[in-house]
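One structure below.
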Amino acid sequence: MVTRFANPLLATPQRPLPQTVAIIGAGTIGPDIGYYLKSALPGLKLILVDVAQAALDRALQRFADYAAKAVAKGKMSEAEAAAVTAGVVGTRDYRDLAEADWVLEAATENLALKRRIFADVEAVVRADALITSNTSSLPAEQIFSALKHPERATVTHFFAPAWRNPVVEVVRWARTDPAVVEYLRWVFCSTGKVPLVTDDVACFMLDRIFDNWCNESGLLLERATAAEIDSVAGEFVHAGPFFVLNLANGNPIITETNMLQAEVEGEHYRPAPVFRSVDRWLTVPPGKPLTVADDLTATVRERLLGVLFSQTVDILDRDIGEPADLDFGCRQALGFKKGPLELMRDLGDGEAGRMLARFCSERRGMPAARKPLGDYQGFLRHVLVDDIGDVKVITLRRPEALNALHDELTDEILSVIRYFEEDPAVAGFVLVGYGNRAFCAGGDIGRFVNMLGDAPSSAQYARDCSRLLVHLDRMKKPVVAAINGMALGGGFELAMRCHGIVAQASAWMQMPEITLGIVHGIGAMVVPYRRWPQASAEFHGMLRRAERLKATRAFELGIVDGLARDYPELIRAAVARVKALEGRVGGIPDGVVQIAPLDPIAPVAANGQPLSAEVIGILERAVEAAAAAPTFEEALEIGYLAWGDSACTAAAREGITAFQEKRKPDFTKTP
């Protein structure tokens with residue numbers, strides 16, 4: 001029996017990370033997949049296989065070009081680039097695959113060709129080698145059913161550009177070993193991807209959305225031009241369907257995939273005939289839409305949302321994929337601004353239901369909802385919940401934002417804790433970030449942008465954002481933060497309100513708000529001084545100069561309770577810490593706190609960035625006043641008010657504006 005964890009990194013893999021991977025197909029996506037793997041696993045031996053030497057030569061050159069560009073942009077050192085390009089070989093001989101731990105096929109989307117490839121592969125690879133296909137549409141049952149050992153084979157569907165796009169679909173099918181699916185989920189999550197498990201149907205989960213979105217757009221050409229359709233679609237996606245089809249030369253793909261769906265599921269999926277006769281579309285680039293008449297906008301908008309909602313309910317009714325995965329995948333893999341379930345929720349059941357009903361009446365045979373639309377919304381969008389014994393492990397899953405907090409994520413964490421905290425079968429909770437990069441990279445700027453210059457509203461915003469943290473302060477069951485990477489700003493504030501902290505030895509913490517011209521509104525000027533007064537001088541540097549605190553140093557200071565070498569050890573340590581804290585959870589103390597003196601400093605961050613002396617002054621006064629406050633509650637209120645004061649400075653406006661414009665702030669222009 002294979003245990004399936006919602007967070008793939010909680011699993012204990014049955015084999016180590018691969019040492020040798022072979023990728024068949026050196027066209028476009030194959031080398032991109034290889035570059036992703038080599039970037040994540042520099043010591044990996046990568047074998048690129050193709051029938052044409054020219055394709056192999058181009059693929060190897062692409063590796064060198066990608067690495068050189070990464071060095072030029074400062075994203076990779078020369079040594080790291082050398083490691084990524086080393087150990088990559090090209091071959092036309094399948095016998096060179098004999099040592100591969102994993103063979104990944106990324107050849108042309110042709111079923112007969114794929115079957116021949118896998119027959120040749122199985123003849124030379126080890127019996128325990130994994131075999132996967134990057135097909136976007138062909139079911140695993142059709143591709144692998146003739147293999148002697150189909151239990152070690154499945155589909156791993158990447159999205160372009162595969163070296164950067166975080167999403168990969170992993171297909172479960174009747175004859176694959178469930179342990180293979182769980183191992184692949186672990187590998188992908190360990191190497192920076194977000195694996196989404198789907199059922200074995202034509203086009204799986206996300207391509208059912210994309211292909212039918214594009215096909216419906218093709219059918220709409222009877223009423224509107226490609227440019228008009230893309231312009232209307234811009235409300236929902238970053239790039240319209242025809243613009244994307246031009247980029248991907250995707251017209252034949254829509255024809256092939258929708259023919260496949262039509263053969264299996266009905267004539268209503270038959271591709272629009274226009275895709276067979278047009279090579280390129282006359283459309284508009286993203287961000288430069290045409291003005292479209294209101295009645296035509298309404299027609300196009302309703303058809304596009306109709307097909308989107310129809311496919312969404314069908315995917316969920318048939319258990320093809322999970323609702324949170326569907327929304328995440330649509331945003332991150334397909335470029336939707338909001339996931340379809342989020343769009344349905346925003347429109348409301350009545351309006352979304354009307355659109356869906358109208359679409360199904362116009363497009364006979366298309367799937368309708370099998371239950372009330374509100375029933376599709378009962379899921380957690382941004383957290384994963386797992387059980388390790390009697391401990392609930394809550395994983396923050398917003399990898400696209402390095403697991404940063406926003407209102408919905410905050411409320412989901414709080415809802416899970418509230419639901420289980422009175423359950424006698426639950427000993428406590430662990431909070432951890434998804435993936436290996438971040439525990440939590442702070443809080444989204446969100447509504448705060450609109451409150452600049454309004455001290456009372458900003459202070460109230462800080463109080464509102466503290467709802468989870470204040471609840472943790474009052475809990476009796478332990479909550480332990482497992483810091484698996486960076487913990488920035490509000491992420492570190494969340495960790496310090498937990499009752500215990502464990503961290504990977506490579507993790508680090510930072511409070512960068514001062515570099516944005518603001519102070520810390522939800523407890524950082526208060527809590528660390530009351531919990532760890534012996535480290536007050538360290539906190540002065542973190543708050544006033546945005547100095548980093550390494551986990552090893554935090555452990556020496558008593559801030560972190562334990563260090564771990566890797567993610568599995570971290571989770572074990574966190575669970576053990578929960579058990580050790582059972583019945584021993586106490587609140588943050590009242591009373592006056594003695595802290596190190598706040599000696600005058602130059603308004604310069606640890607990285608040399610000039611800072612606002614005015615905001616540093618607000619921060620210092622708040623720290624001193626909070627330390628002198630007779631109660632913890634009064635100290636928090638001092639912090640909220642200081643946050644409001646900082647929001648009224650010219651430095652805050654400059655810092656937040658610079659952040660939005662992705663530039664360095666210039667506080668020398670502020671008084």
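Just remember, in the structure tokens the first chain shown is A, the second B, etc., residues are 1-based per chain, and ligands are 1-based in the order shown.
When DSSP is run on the backbone, the residues of segment 54-282 of chain A that fall into strand (DSSP E) are Val88, Val89, Gly90, Thr91, Trp102, Val103, Leu104, Glu105, Leu130, Ile131, Thr132, Ser133, Ala153, Thr154, Val155, Thr156, His157, Phe158, Val167, Val168, Glu169, Val170, Val171, Val194, Pro195, Leu196, Val197 and Thr198 of chain A.
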Need to verify the contact set: Gly541 of chain A, 12 Å, only C-alpha atoms, exclusion of same-chain residues closer than 3 positions in sequence. Can you return it as a VMD selection string? chain A and resid 510 to 512 514 525 535 to 538 544 to 549 596 to 606 616 619 to 620
Distance atom CA of Tyr419 of chain A-atom CA of Asp390 of chain A, one decimal place?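 We find that atom CA of Tyr419 of chain A and atom CA of Asp390 of chain A lie 14.5 Å from each other.
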Under the rule that only C-alpha atoms are counted, which of A:Val278, A:Cys214, A:Leu373, A:Leu516 is the nearest residue to Leu543 of chain A?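 Among the listed residues, the smallest separation from Leu543 of chain A belongs to A:Leu516.
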Residues within 8 Å of Pro568 of chain A, only C-alpha atoms, excluding chain neighbours under 5 positions, as an MDAnalysis selection string: chainID A and resid 9:10 12
Keeping N, CA, C and O atoms for every residue in the selection just given, could you write it to a file as an mmCIF file, in the first residue's frame?
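Dumped everything to selection.cif:
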data_model
loop_
_atom_site.group_PDB
_atom_site.id
_atom_site.type_symbol
_atom_site.label_atom_id
_atom_site.label_comp_id
_atom_site.auth_asym_id
_atom_site.auth_seq_id
_atom_site.Cartn_x
_atom_site.Cartn_y
_atom_site.Cartn_z
ATOM 1 N N LEU A 9 6.683 16.138 -0.867
ATOM 2 C CA LEU A 9 7.948 16.029 -0.154
ATOM 3 C C LEU A 9 7.811 15.354 1.199
ATOM 4 O O LEU A 9 8.815 15.095 1.869
ATOM 5 N N LEU A 10 6.595 15.035 1.611
ATOM 6 C CA LEU A 10 6.413 14.280 2.852
ATOM 7 C C LEU A 10 6.595 12.780 2.625
ATOM 8 O O LEU A 10 6.724 12.019 3.587
ATOM 9 N N THR A 12 8.349 9.194 1.521
ATOM 10 C CA THR A 12 9.674 8.566 1.568
ATOM 11 C C THR A 12 9.877 7.832 0.249
ATOM 12 O O THR A 12 9.232 6.814 -0.008
#
Near segment 13-28 of chain A, counting only C-alpha atoms, which residues have an atom at most 6 Å away, once you skip same-chain residues fewer than 6 positions from it, shown as an mmCIF file with C-alpha atoms, in the first residue's frame?
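See selection-v4.cif below for the written result:
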data_model
loop_
_atom_site.group_PDB
_atom_site.id
_atom_site.type_symbol
_atom_site.label_atom_id
_atom_site.label_comp_id
_atom_site.auth_asym_id
_atom_site.auth_seq_id
_atom_site.Cartn_x
_atom_site.Cartn_y
_atom_site.Cartn_z
ATOM 1 C CA LEU A 44 22.982 14.510 -13.604
ATOM 2 C CA LYS A 45 24.180 12.718 -16.739
ATOM 3 C CA LEU A 46 21.814 13.707 -19.528
ATOM 4 C CA ILE A 47 21.554 11.799 -22.790
ATOM 5 C CA LEU A 48 19.717 13.480 -25.672
ATOM 6 C CA VAL A 49 18.510 11.077 -28.345
ATOM 7 C CA ASP A 50 17.355 11.909 -31.857
ATOM 8 C CA ALA A 55 18.834 18.311 -34.152
ATOM 9 C CA LEU A 56 21.270 17.058 -31.517
ATOM 10 C CA ALA A 59 20.005 21.083 -28.785
ATOM 11 C CA ALA A 100 19.487 5.338 -17.829
ATOM 12 C CA ASP A 101 17.448 5.476 -14.629
ATOM 13 C CA TRP A 102 14.666 7.286 -16.476
ATOM 14 C CA VAL A 103 13.859 7.543 -20.182
ATOM 15 C CA LEU A 104 11.596 10.441 -21.099
ATOM 16 C CA GLU A 105 10.150 10.593 -24.606
ATOM 17 C CA ALA A 106 9.403 14.017 -26.127
ATOM 18 C CA ALA A 107 9.013 13.112 -29.792
ATOM 19 C CA TYR A 183 8.061 8.857 -6.887
#
Contacts of segment 300-315 of chain A within 6 Å, only C-alpha atoms, excl. fewer than 4 positions in-chain, as JSON, numbers by chain: {"A": [320, 355, 356, 359, 367, 368, 369]}
Taking into account only C-alpha atoms, which residue in the set A:Leu290, A:Val560, A:Ile143, A:Leu111 is nearest to Glu256 of chain A?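 Among A:Leu290, A:Val560, A:Ile143, A:Leu111, it is A:Leu111 that comes nearest to Glu256 of chain A.
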Could you please write out, as an MDAnalysis selection string, every residue of segment 351-419 of chain A that DSSP assigns to helix (DSSP H, G or I)? chainID A and resid 351:362 373:377 399:401 407:419
Shell of 8 Å around segment 457-469 of chain A, only C-alpha atoms, local chain residues under 5 positions omitted, as a PyMOL selection string: chain A and resi 407+410-411+413-414+448+451-452+494+497+521-522+640-644+647
Counting only C-alpha atoms, what is within 9 Å of Thr191 of chain A, bar same-chain residues fewer than 6 positions away, as a JSON list (two decimals) with N, CA, C and O atoms, in the first residue's frame?
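File written: result.json
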[["chain", "number", "residue", "atom", "x", "y", "z"],
["A", 36, "TYR", "N", 15.94, 22.05, -17.69],
["A", 36, "TYR", "CA", 15.34, 22.13, -16.34],
["A", 36, "TYR", "C", 15.97, 21.10, -15.41],
["A", 36, "TYR", "O", 16.35, 21.42, -14.27],
["A", 37, "LEU", "N", 16.09, 19.86, -15.88],
["A", 37, "LEU", "CA", 16.64, 18.81, -15.02],
["A", 37, "LEU", "C", 18.09, 19.07, -14.66],
["A", 37, "LEU", "O", 18.50, 18.90, -13.50],
["A", 39, "SER", "N", 19.61, 21.96, -14.56],
["A", 39, "SER", "CA", 19.68, 23.12, -13.68],
["A", 39, "SER", "C", 19.37, 22.73, -12.23],
["A", 39, "SER", "O", 19.99, 23.24, -11.29],
["A", 40, "ALA", "N", 18.43, 21.82, -12.07],
["A", 40, "ALA", "CA", 18.04, 21.38, -10.73],
["A", 40, "ALA", "C", 18.99, 20.33, -10.17],
["A", 40, "ALA", "O", 19.22, 20.27, -8.96],
["A", 41, "LEU", "N", 19.55, 19.50, -11.06],
["A", 41, "LEU", "CA", 20.44, 18.40, -10.66],
["A", 41, "LEU", "C", 21.72, 18.50, -11.49],
["A", 41, "LEU", "O", 21.92, 17.75, -12.45],
["A", 435, "GLY", "N", 7.73, 22.98, -1.56],
["A", 435, "GLY", "CA", 8.99, 22.99, -2.29],
["A", 435, "GLY", "C", 10.18, 23.23, -1.39],
["A", 435, "GLY", "O", 10.08, 23.21, -0.17],
["A", 436, "ASN", "N", 11.32, 23.46, -2.04],
["A", 436, "ASN", "CA", 12.58, 23.60, -1.29],
["A", 436, "ASN", "C", 13.10, 25.02, -1.19],
["A", 436, "ASN", "O", 14.12, 25.25, -0.56]]
Out of A:Phe555, A:Tyr529, A:Phe539, A:Tyr35, which residue has the shortest atom-to-atom distance to Gln504 of chain A when counting only C-alpha atoms?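 Residue with the minimum atom-to-atom distance to Gln504 of chain A: A:Phe555.
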Residue among A:Ile501, A:Met542, A:Val479, A:Leu341 lying closest to Val393 of chain A, counting only C-alpha atoms: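 Residue with the minimum atom-to-atom distance to Val393 of chain A: A:Val479.
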When distances are computed from only C-alpha atoms, which of A:Ala153, A:Asp325, A:Ala54, A:Ile117 shows the smallest separation from Val168 of chain A?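 Looking only at the distances to Val168 of chain A, the closest residue turns out to be A:Asp325.
When only C-alpha atoms are used to compute distances to Lys337 of chain A, the closest of the residues A:Phe5, A:Tyr94, A:Phe236, A:Phe420 turns out to be A:Phe236.
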As an exercise, work out the distance from atom CA of Ala650 of chain A to atom CA of Pro528 of chain A in Å and give it to one decimal place.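 Separation of atom CA of Ala650 of chain A and atom CA of Pro528 of chain A: 27.9 Å.
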Between atom CA of Gln261 of chain A and atom CA of Ala202 of chain A - distance in Å to one decimal: 6.2 Å
